[in-house]
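Taking it in order: structure first as structure tokens, then the write-up.
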Amino acid sequence: MKKIILWWGRFDENYSRNRILRNQMKKLGYQIIDFKPLISCLGYLQAFISIKFIPSIIWVPCFRHRDLKSASKWANRNKIPIIFDPLISSWDKKINEQSKYKKTSRESLSLKKKESTLFNKSNLLAADTEAHKRFFMKEFNIPEKKIFVINVGAEEKIFFPNKKIIASDREILFYGSFLELHGVKVIIDAAKILKDESIKWTLIGEFQKIKVEDLPLNITFESSMNIKKLVERIHKATLLLGIFSNSEKANNVIPNKVYQSLACGKTVITRYADAYPQSFFKKNMGIFFVKPNDPMVLAQQVLEVINDKKLIKKTNNLARSTFENFYSEEKIRKQVHTLFKRLL
């Protein structure tokens, strides 16, 4: 009989993190059943009435902080272990990213206490990087034994090297939702510095969010596109860009675009961050790291790499190797297996 994982919450099953984890759970032989309450805060009552089976584990997916309280209440009643995969901290977003309140303010301390209490309602907390794990431990007083790292990775059936697509000679590509976290202004300022070089900078995503004066002619904006077209654009670019803001959150995460670019076997330039293993900074792993929030350093790194075709060919191969050795679906499956084994 298959063990059942109950996915609890008003989550998006098509979000990359969720798709990858669900696929790996199925490959491990688990049956997944979804429970999406009509109203998050009333999830316990709806589950009490409608769920007629006892799962092996309850999984509350990323961003579903609002569902955790009800899920944990129902889990405790039925003596079922519960795992929360937050991916982000609401307190971190409001304080460190959006600067809504000062860190020492009453509002900030109240939010932090509330989130600490919430996180500790789970039996185990999934973190996407070791840096995020340390952040959760430090800021929310979560014991180390209660946090387990599961990489985000990329879907290998979608993101993989494609030698049939000929890459552009000198195109720099960034794609994303243009959040503060991404440091898009750093990219634009770097492009301005290199405006006299024959380099094309392409930014794909919600560019309406940013307002930039004196936009150089070497920058092209493209609207968000479907995944098939996006993968094609990744392969056509010479270099891929990660994120460049100097926020604490940017230091703790590895963005989807980095995982996906590495999986495609494409060289990446991104900010230095504690989210990456220290070994990445000691030898070439297909990623070039730069100081955050520094357009000049980014411009210099772009120029150095893009002018060396042999280096790019070498680092493209290293990028795919890095993905396979650290962030592949097989690695994620082993992490999930270890996590469930510990819990069950």
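For the structure tokens, the naming scheme is as follows: chains receive sequential letters (A, B, ...) according to their order of presentation, residues are indexed from 1 within each chain, and ligands are indexed from 1 in presentation order.
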
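Using only C-alpha atoms, the contacts of Trp59 of chain A at a cut-off of 8 Å, with sequence neighbours closer than 5 positions omitted, comprise Ile5, Leu6, Trp7, Trp8, Ile82, Ile83, Phe84 and Asp85 of chain A.
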
Selection to disk with all heavy atoms, as a CSV table (one decimal), in the first residue's frame:
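Below is the file selection-v3.csv, written as the result:
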chain,number,residue,atom,x,y,z
A,5,ILE,N,0.9,11.3,0.9
A,5,ILE,CA,1.4,12.7,1.3
A,5,ILE,C,0.2,13.6,1.0
A,5,ILE,O,-0.2,13.7,-0.2
A,5,ILE,CB,2.6,13.1,0.5
A,5,ILE,CG1,3.7,12.1,0.5
A,5,ILE,CG2,3.1,14.5,1.1
A,5,ILE,CD1,4.2,11.8,1.9
A,6,LEU,N,-0.3,14.2,2.0
A,6,LEU,CA,-1.4,15.2,1.9
A,6,LEU,C,-0.9,16.6,1.7
A,6,LEU,O,-0.3,17.1,2.6
A,6,LEU,CB,-2.4,15.1,3.1
A,6,LEU,CG,-3.6,16.0,3.0
A,6,LEU,CD1,-4.5,15.6,1.9
A,6,LEU,CD2,-4.3,16.1,4.3
A,7,TRP,N,-1.0,17.1,0.5
A,7,TRP,CA,-0.6,18.5,0.2
A,7,TRP,C,-1.7,19.4,0.6
A,7,TRP,O,-2.8,19.4,0.0
A,7,TRP,CB,-0.2,18.6,-1.3
A,7,TRP,CG,1.2,18.2,-1.6
A,7,TRP,CD1,1.7,17.0,-1.4
A,7,TRP,CD2,2.2,19.0,-2.2
A,7,TRP,NE1,3.1,17.0,-1.8
A,7,TRP,CE2,3.4,18.2,-2.3
A,7,TRP,CE3,2.3,20.3,-2.7
A,7,TRP,CZ2,4.6,18.7,-2.8
A,7,TRP,CZ3,3.4,20.8,-3.2
A,7,TRP,CH2,4.6,20.0,-3.3
A,8,TRP,N,-1.4,20.2,1.6
A,8,TRP,CA,-2.5,21.1,2.2
A,8,TRP,C,-2.2,22.5,1.9
A,8,TRP,O,-1.2,23.1,2.2
A,8,TRP,CB,-2.5,20.8,3.7
A,8,TRP,CG,-3.5,21.5,4.5
A,8,TRP,CD1,-3.8,22.9,4.5
A,8,TRP,CD2,-4.4,21.0,5.5
A,8,TRP,NE1,-4.8,23.2,5.4
A,8,TRP,CE2,-5.2,22.0,6.0
A,8,TRP,CE3,-4.6,19.7,6.0
A,8,TRP,CZ2,-6.1,21.8,7.0
A,8,TRP,CZ3,-5.5,19.5,7.0
A,8,TRP,CH2,-6.3,20.5,7.5
A,82,ILE,N,4.0,16.9,10.2
A,82,ILE,CA,3.7,18.0,9.2
A,82,ILE,C,5.0,18.7,8.8
A,82,ILE,O,5.9,19.0,9.7
A,82,ILE,CB,2.7,19.0,9.7
A,82,ILE,CG1,2.3,20.0,8.7
A,82,ILE,CG2,3.1,19.6,11.0
A,82,ILE,CD1,1.1,20.9,9.1
A,83,ILE,N,5.2,18.9,7.5
A,83,ILE,CA,6.4,19.6,7.0
A,83,ILE,C,5.9,20.9,6.3
A,83,ILE,O,4.9,20.9,5.5
A,83,ILE,CB,7.1,18.7,6.0
A,83,ILE,CG1,7.6,17.4,6.6
A,83,ILE,CG2,8.3,19.5,5.4
A,83,ILE,CD1,8.1,16.4,5.6
A,84,PHE,N,6.6,22.0,6.6
A,84,PHE,CA,6.3,23.2,5.9
A,84,PHE,C,7.5,23.6,5.1
A,84,PHE,O,8.6,23.6,5.5
A,84,PHE,CB,6.0,24.3,7.0
A,84,PHE,CG,5.6,25.7,6.4
A,84,PHE,CD1,4.9,25.8,5.2
A,84,PHE,CD2,6.0,26.8,7.0
A,84,PHE,CE1,4.6,27.0,4.6
A,84,PHE,CE2,5.7,28.1,6.5
A,84,PHE,CZ,5.0,28.1,5.3
A,85,ASP,N,7.2,24.0,3.8
A,85,ASP,CA,8.2,24.4,2.9
A,85,ASP,C,8.0,25.9,2.6
A,85,ASP,O,7.4,26.2,1.5
A,85,ASP,CB,8.1,23.6,1.6
A,85,ASP,CG,9.1,24.0,0.5
A,85,ASP,OD1,10.2,24.5,0.9
A,85,ASP,OD2,8.8,23.8,-0.7

Legend entry - Surrounding residues of segment 41-51 of chain A excluding itself and chain neighbours under 5 positions, 10 Å, only C-alpha atoms, as a PyMOL selection string: chain A and resi 8-10+35-36+66-75+77

Legend entry - Within 9 Å of Ser16 of chain A using only C-alpha atoms, minus same-chain residues under 5 positions, as JSON, numbers by chain: {"A": [21, 152, 153, 154, 155, 256]}

Could you take the residues named above and write them with N, CA and C atoms, as a PDB file, in the first residue's frame?
ATOM      1  N   LEU A  21       9.082  18.914  -6.618  1.00  0.00           N
ATOM      2  CA  LEU A  21       8.933  18.112  -5.405  1.00  0.00           C
ATOM      3  C   LEU A  21       7.864  17.030  -5.564  1.00  0.00           C
ATOM      4  N   VAL A 152      16.168  23.693  -4.726  1.00  0.00           N
ATOM      5  CA  VAL A 152      15.078  24.026  -5.641  1.00  0.00           C
ATOM      6  C   VAL A 152      15.253  23.303  -6.975  1.00  0.00           C
ATOM      7  N   GLY A 153      16.436  23.413  -7.574  1.00  0.00           N
ATOM      8  CA  GLY A 153      16.718  22.700  -8.811  1.00  0.00           C
ATOM      9  C   GLY A 153      15.943  23.226 -10.011  1.00  0.00           C
ATOM     10  N   ALA A 154      15.885  22.412 -11.058  1.00  0.00           N
ATOM     11  CA  ALA A 154      15.166  22.755 -12.295  1.00  0.00           C
ATOM     12  C   ALA A 154      14.646  21.474 -12.924  1.00  0.00           C
ATOM     13  N   GLU A 155      13.574  21.609 -13.684  1.00  0.00           N
ATOM     14  CA  GLU A 155      12.969  20.443 -14.326  1.00  0.00           C
ATOM     15  C   GLU A 155      13.805  20.022 -15.536  1.00  0.00           C
ATOM     16  N   ASN A 256      15.559  30.758  -9.289  1.00  0.00           N
ATOM     17  CA  ASN A 256      15.222  29.770 -10.316  1.00  0.00           C
ATOM     18  C   ASN A 256      16.052  29.951 -11.575  1.00  0.00           C
TER      19      ASN A 256
END

Legend entry - helix (DSSP H, G or I) positions in segment 34-277 of chain A, given as a PyMOL selection string: chain A and resi 40-50+65-78+90-97+106-119+130-140+144-146+180-182+184-193+207-209+227-236+248-252+256-263

Wanna dump the segment 223-301 of chain A-segment 166-188 of chain A contacts at 7 Å for me, each residue with its shortest atom pair and the distance in Å to one decimal, counting only C-alpha atoms, ordered by chain and number, as JSON lines?
{"residue": "A:His235", "atom": "CA", "partner": "A:Ala167", "partner_atom": "CA", "distance": 6.1}
{"residue": "A:Lys236", "atom": "CA", "partner": "A:Ala167", "partner_atom": "CA", "distance": 4.1}
{"residue": "A:Ala237", "atom": "CA", "partner": "A:Glu171", "partner_atom": "CA", "distance": 5.2}
{"residue": "A:Thr238", "atom": "CA", "partner": "A:Glu171", "partner_atom": "CA", "distance": 5.1}
{"residue": "A:Leu239", "atom": "CA", "partner": "A:Ile172", "partner_atom": "CA", "distance": 5.0}
{"residue": "A:Leu240", "atom": "CA", "partner": "A:Leu173", "partner_atom": "CA", "distance": 5.0}
{"residue": "A:Leu241", "atom": "CA", "partner": "A:Phe174", "partner_atom": "CA", "distance": 5.1}
{"residue": "A:Ile243", "atom": "CA", "partner": "A:His182", "partner_atom": "CA", "distance": 4.4}
{"residue": "A:Phe244", "atom": "CA", "partner": "A:Gly183", "partner_atom": "CA", "distance": 4.7}
{"residue": "A:Ser245", "atom": "CA", "partner": "A:Gly183", "partner_atom": "CA", "distance": 4.3}
{"residue": "A:Ser247", "atom": "CA", "partner": "A:Leu181", "partner_atom": "CA", "distance": 6.9}
{"residue": "A:Ala250", "atom": "CA", "partner": "A:Leu181", "partner_atom": "CA", "distance": 5.9}
{"residue": "A:Asn293", "atom": "CA", "partner": "A:Val186", "partner_atom": "CA", "distance": 6.0}
{"residue": "A:Asp294", "atom": "CA", "partner": "A:Val186", "partner_atom": "CA", "distance": 6.5}
{"residue": "A:Pro295", "atom": "CA", "partner": "A:Val186", "partner_atom": "CA", "distance": 5.0}

Output C-alpha atoms of each residue in that selection to a file, as a PDB file, in the first residue's frame.
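So the final result, stored in part_26.pdb, reads:
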ATOM      1  CA  HIS A 235      20.090  28.749 -25.391  1.00  0.00           C
ATOM      2  CA  LYS A 236      20.418  31.617 -27.865  1.00  0.00           C
ATOM      3  CA  ALA A 237      22.061  33.939 -25.319  1.00  0.00           C
ATOM      4  CA  THR A 238      25.804  34.105 -24.749  1.00  0.00           C
ATOM      5  CA  LEU A 239      25.672  34.703 -20.987  1.00  0.00           C
ATOM      6  CA  LEU A 240      22.882  34.476 -18.401  1.00  0.00           C
ATOM      7  CA  LEU A 241      22.432  36.834 -15.465  1.00  0.00           C
ATOM      8  CA  ILE A 243      20.486  38.592  -9.238  1.00  0.00           C
ATOM      9  CA  PHE A 244      22.480  41.572  -7.981  1.00  0.00           C
ATOM     10  CA  SER A 245      20.784  43.359  -5.077  1.00  0.00           C
ATOM     11  CA  SER A 247      19.623  42.509   0.376  1.00  0.00           C
ATOM     12  CA  ALA A 250      19.361  37.874  -2.044  1.00  0.00           C
ATOM     13  CA  ASN A 293      24.939  46.271  -6.132  1.00  0.00           C
ATOM     14  CA  ASP A 294      28.023  47.253  -8.145  1.00  0.00           C
ATOM     15  CA  PRO A 295      27.364  47.974 -11.866  1.00  0.00           C
TER      16      PRO A 295
END

Legend entry - For Arg320 of chain A: contacts at 6 Å, only C-alpha atoms, fewer than 3 positions along chain excluded, given as a VMD selection string: chain A and resid 262 to 263 265 317 323

Go ahead and dump the residues you just picked, C-alpha atoms, as an mmCIF file, in the first residue's frame.
data_model
loop_
_atom_site.group_PDB
_atom_site.id
_atom_site.type_symbol
_atom_site.label_atom_id
_atom_site.label_comp_id
_atom_site.auth_asym_id
_atom_site.auth_seq_id
_atom_site.Cartn_x
_atom_site.Cartn_y
_atom_site.Cartn_z
ATOM 1 C CA LEU A 262 22.996 25.838 -15.234
ATOM 2 C CA ALA A 263 20.697 22.969 -16.260
ATOM 3 C CA GLY A 265 24.564 24.323 -19.717
ATOM 4 C CA ASN A 317 30.220 22.571 -19.900
ATOM 5 C CA PHE A 323 23.918 21.322 -11.983
#

Inset, instruction - Tell me, in Å to one decimal, how far atom CA of Ser110 of chain A is from atom CA of Thr129 of chain A. - result: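 Computed distance, atom CA of Ser110 of chain A to atom CA of Thr129 of chain A, equals 25.7 Å.
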
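Rounded to one decimal, atom CA of Asp12 of chain A and atom CA of Asp34 of chain A lie 11.0 Å from each other.
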
Inset, instruction - Go through segment 170-344 of chain A and collect every residue that DSSP, computed from the backbone, puts in strand (DSSP E or B); the answer should be as a list in words. - result: Glu171, Ile172, Leu173, Phe174, Tyr175, Gly176, Lys200, Trp201, Thr202, Leu203, Ile204, Gly205, Ile219, Thr220, Phe221, Glu222, Leu239, Leu240, Leu241, Val268, Ile269, Thr270, Arg271, Ile287, Phe288, Phe289 and Val290 of chain A

Legend entry - Two-atom distance - atom CA of His337 of chain A, atom CA of Ile80 of chain A (Å):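 For atom CA of His337 of chain A relative to atom CA of Ile80 of chain A, the distance reads 17.6 Å.
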
Inset, instruction - Compile the contact shell of segment 269-280 of chain A as a list of chain:residue names: residues with an atom at most 6 Å away, counting only C-alpha atoms, same-chain residues fewer than 2 positions apart removed. - result: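 The residues satisfying every condition are A:Thr129, A:Ala131, A:Leu241, A:Gly242, A:Ile243, A:Phe244, A:Asn251, A:Asn252, A:Val253, A:Lys282, A:Ile287, A:Phe288, A:Phe289, A:Val290, A:Lys291, A:Pro292.
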
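Nearest to Ile54 of chain A of all the residues A:Ile193, A:Ile4, A:Leu230, A:Leu124 is A:Ile4, based on only C-alpha atoms.
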